[in-house]
file query09.pdb (PDB, C-alpha atoms, pLDDT in the B column)
ATOM      1  CA  MET A   8       0.000   0.000   0.000  1.00 62.00           C
ATOM      2  CA  LYS A   9       1.567   3.268  -1.117  1.00 79.00           C
ATOM      3  CA  ASP A  10      -0.504   5.840   0.710  1.00 89.00           C
ATOM      4  CA  GLY A  11      -3.248   6.395   3.223  1.00 93.00           C
ATOM      5  CA  MET A  12      -5.821   7.189   0.549  1.00 94.00           C
ATOM      6  CA  GLU A  13      -5.401   3.728  -0.950  1.00 95.00           C
ATOM      7  CA  ARG A  14      -6.046   2.206   2.489  1.00 96.00           C
ATOM      8  CA  ILE A  15      -9.090   4.423   3.031  1.00 97.00           C
ATOM      9  CA  ASN A  16     -10.497   3.447  -0.372  1.00 96.00           C
ATOM     10  CA  GLN A  17      -9.898  -0.219   0.381  1.00 96.00           C
ATOM     11  CA  LEU A  18     -11.731   0.028   3.708  1.00 97.00           C
ATOM     12  CA  LEU A  19     -14.626   1.948   2.140  1.00 96.00           C
ATOM     13  CA  SER A  20     -14.984  -0.735  -0.526  1.00 96.00           C
ATOM     14  CA  GLU A  21     -14.992  -3.571   2.033  1.00 96.00           C
ATOM     15  CA  TYR A  22     -17.117  -2.126   4.848  1.00 97.00           C
ATOM     16  CA  ASP A  23     -20.284  -0.140   5.435  1.00 97.00           C
ATOM     17  CA  PHE A  24     -19.392   2.720   7.772  1.00 97.00           C
ATOM     18  CA  PRO A  25     -21.747   5.093   9.555  1.00 97.00           C
ATOM     19  CA  ILE A  26     -22.466   8.030   7.257  1.00 97.00           C
ATOM     20  CA  SER A  27     -21.327  10.438   9.978  1.00 97.00           C
ATOM     21  CA  ALA A  28     -17.854   8.867   9.979  1.00 97.00           C
ATOM     22  CA  ILE A  29     -17.587   9.113   6.202  1.00 97.00           C
ATOM     23  CA  GLN A  30     -18.697  12.747   6.287  1.00 98.00           C
ATOM     24  CA  GLN A  31     -16.146  13.605   8.977  1.00 97.00           C
ATOM     25  CA  ILE A  32     -13.292  12.052   7.031  1.00 97.00           C
ATOM     26  CA  ARG A  33     -14.411  13.721   3.800  1.00 97.00           C
ATOM     27  CA  VAL A  34     -14.360  17.149   5.453  1.00 97.00           C
ATOM     28  CA  ARG A  35     -11.062  16.533   7.278  1.00 97.00           C
ATOM     29  CA  LEU A  36      -9.279  15.276   4.167  1.00 97.00           C
ATOM     30  CA  GLY A  37     -10.812  17.965   1.970  1.00 96.00           C
ATOM     31  CA  ASP A  38      -9.433  20.634   4.278  1.00 97.00           C
ATOM     32  CA  TRP A  39      -6.111  18.809   4.444  1.00 96.00           C
ATOM     33  CA  PHE A  40      -5.653  18.593   0.682  1.00 96.00           C
ATOM     34  CA  ILE A  41      -6.800  22.183   0.106  1.00 97.00           C
ATOM     35  CA  SER A  42      -4.115  23.325   2.547  1.00 97.00           C
ATOM     36  CA  GLY A  43      -1.435  21.494   0.548  1.00 96.00           C
ATOM     37  CA  GLY A  44      -1.430  18.080   2.220  1.00 95.00           C
ATOM     38  CA  LYS A  45      -0.437  14.947   0.312  1.00 93.00           C
ATOM     39  CA  PRO A  46      -1.936  11.413   0.264  1.00 91.00           C
ATOM     40  CA  THR A  47       1.282  10.077   1.793  1.00 90.00           C
ATOM     41  CA  ASP A  48       1.128  12.357   4.862  1.00 94.00           C
ATOM     42  CA  GLY A  49       0.705  10.933   8.328  1.00 96.00           C
ATOM     43  CA  TYR A  50      -2.571  12.788   8.776  1.00 97.00           C
ATOM     44  CA  VAL A  51      -4.149  10.751   5.985  1.00 97.00           C
ATOM     45  CA  TRP A  52      -2.930   7.549   7.654  1.00 96.00           C
ATOM     46  CA  GLN A  53      -4.486   8.792  10.901  1.00 97.00           C
ATOM     47  CA  GLN A  54      -7.855   8.936   9.140  1.00 97.00           C
ATOM     48  CA  ALA A  55      -7.308   5.401   7.817  1.00 97.00           C
ATOM     49  CA  ARG A  56      -6.601   4.213  11.367  1.00 97.00           C
ATOM     50  CA  TYR A  57      -9.845   5.870  12.495  1.00 98.00           C
ATOM     51  CA  LEU A  58     -11.738   3.702   9.998  1.00 98.00           C
ATOM     52  CA  GLU A  59      -9.743   0.628  11.065  1.00 97.00           C
ATOM     53  CA  ASN A  60     -10.742   1.322  14.669  1.00 98.00           C
ATOM     54  CA  LEU A  61     -14.409   1.519  13.699  1.00 98.00           C
ATOM     55  CA  VAL A  62     -14.031  -1.938  12.157  1.00 98.00           C
ATOM     56  CA  ARG A  63     -12.101  -3.240  15.176  1.00 98.00           C
ATOM     57  CA  TYR A  64     -14.792  -2.081  17.606  1.00 97.00           C
ATOM     58  CA  GLY A  65     -17.686  -3.445  15.563  1.00 97.00           C
ATOM     59  CA  LEU A  66     -18.993  -0.097  14.337  1.00 96.00           C
ATOM     60  CA  ALA A  67     -18.721  -1.032  10.661  1.00 97.00           C
ATOM     61  CA  GLU A  68     -20.050  -4.108   8.894  1.00 95.00           C
ATOM     62  CA  ARG A  69     -18.338  -6.049   6.153  1.00 95.00           C
ATOM     63  CA  LYS A  70     -20.163  -5.641   2.854  1.00 93.00           C
ATOM     64  CA  ALA A  71     -21.808  -8.715   1.422  1.00 86.00           C
ATOM     65  CA  VAL A  72     -19.890 -10.335  -1.402  1.00 77.00           C
ATOM     66  CA  ILE A  73     -22.138 -10.983  -4.384  1.00 73.00           C
ATOM     67  CA  GLU A  74     -20.873 -13.689  -6.689  1.00 69.00           C
TER      68      GLU A  74
END
call {"tool": "encode", "arguments": {"input": "query09.pdb", "output": "structure tokens"}}
result
Amino acid sequence: MKDGMERINQLLSEYDFPISAIQQIRVRLGDWFISGGKPTDGYVWQQARYLENLVRYGLAERKAVIE
């Protein structure tokens, strides 16, 4: 995995998160990138860890796999 955005996208594709969590991350990262931040910055990884913690504590459900 090259950057935090790739990890965030992976988590969003695998899990259903509360809409409030997605909105918070969207605003945080939007502000970050507007201010000159990069996808490889630690702040982006911090947001990825936030999503990982939601999964870890059972606050996100794995999406159903349709074959």
call {"tool": "residues_around", "arguments": {"input": "query09.pdb", "residues": "A:Ile26", "least_positions_apart": "6", "cutoff": "12 Å", "atoms": "only C-alpha atoms", "output": "ChimeraX atom specification"}}
result
/A:19,32-33,58,66-67
call {"tool": "write_last_selection", "arguments": {"input": "query09.pdb", "atoms": "C-alpha atoms", "output": "PDB file, keeping the file's coordinate frame"}}
result
ATOM      1  CA  LEU A  19     -14.626   1.948   2.140  1.00 96.00           C
ATOM      2  CA  ILE A  32     -13.292  12.052   7.031  1.00 97.00           C
ATOM      3  CA  ARG A  33     -14.411  13.721   3.800  1.00 97.00           C
ATOM      4  CA  LEU A  58     -11.738   3.702   9.998  1.00 98.00           C
ATOM      5  CA  LEU A  66     -18.993  -0.097  14.337  1.00 96.00           C
ATOM      6  CA  ALA A  67     -18.721  -1.032  10.661  1.00 97.00           C
TER       7      ALA A  67
END
call {"tool": "atom_distance", "arguments": {"input": "query09.pdb", "atom1": "atom CA of A:Lys70", "atom2": "atom CA of A:Tyr22"}}
result
5.1 Å
call {"tool": "resolve_selection", "arguments": {"input": "query09.pdb", "expression": "the PyMOL selection byres ((chain A and resi 13) around 12)", "output": "list in words"}}
result
Met8, Lys9, Asp10, Gly11, Met12, Arg14, Ile15, Asn16, Gln17, Leu18, Leu19, Ser20, Pro46, Thr47, Val51, Trp52, Gln54 and Ala55 of chain A
call {"tool": "atom_distance", "arguments": {"input": "query09.pdb", "atom1": "atom CA of A:Glu59", "atom2": "atom CA of A:Ala28"}}
result
11.6 Å
call {"tool": "resolve_selection", "arguments": {"input": "query09.pdb", "expression": "the PyMOL selection byres ((chain A and resi 69) around 9)", "output": "VMD selection string"}}
result
chain A and resid 21 to 24 62 67 to 68 70 to 72
call {"tool": "write_last_selection", "arguments": {"input": "query09.pdb", "atoms": "C-alpha atoms", "output": "PDB file, keeping the file's coordinate frame"}}
result
ATOM      1  CA  GLU A  21     -14.992  -3.571   2.033  1.00 96.00           C
ATOM      2  CA  TYR A  22     -17.117  -2.126   4.848  1.00 97.00           C
ATOM      3  CA  ASP A  23     -20.284  -0.140   5.435  1.00 97.00           C
ATOM      4  CA  PHE A  24     -19.392   2.720   7.772  1.00 97.00           C
ATOM      5  CA  VAL A  62     -14.031  -1.938  12.157  1.00 98.00           C
ATOM      6  CA  ALA A  67     -18.721  -1.032  10.661  1.00 97.00           C
ATOM      7  CA  GLU A  68     -20.050  -4.108   8.894  1.00 95.00           C
ATOM      8  CA  LYS A  70     -20.163  -5.641   2.854  1.00 93.00           C
ATOM      9  CA  ALA A  71     -21.808  -8.715   1.422  1.00 86.00           C
ATOM     10  CA  VAL A  72     -19.890 -10.335  -1.402  1.00 77.00           C
TER      11      VAL A  72
END
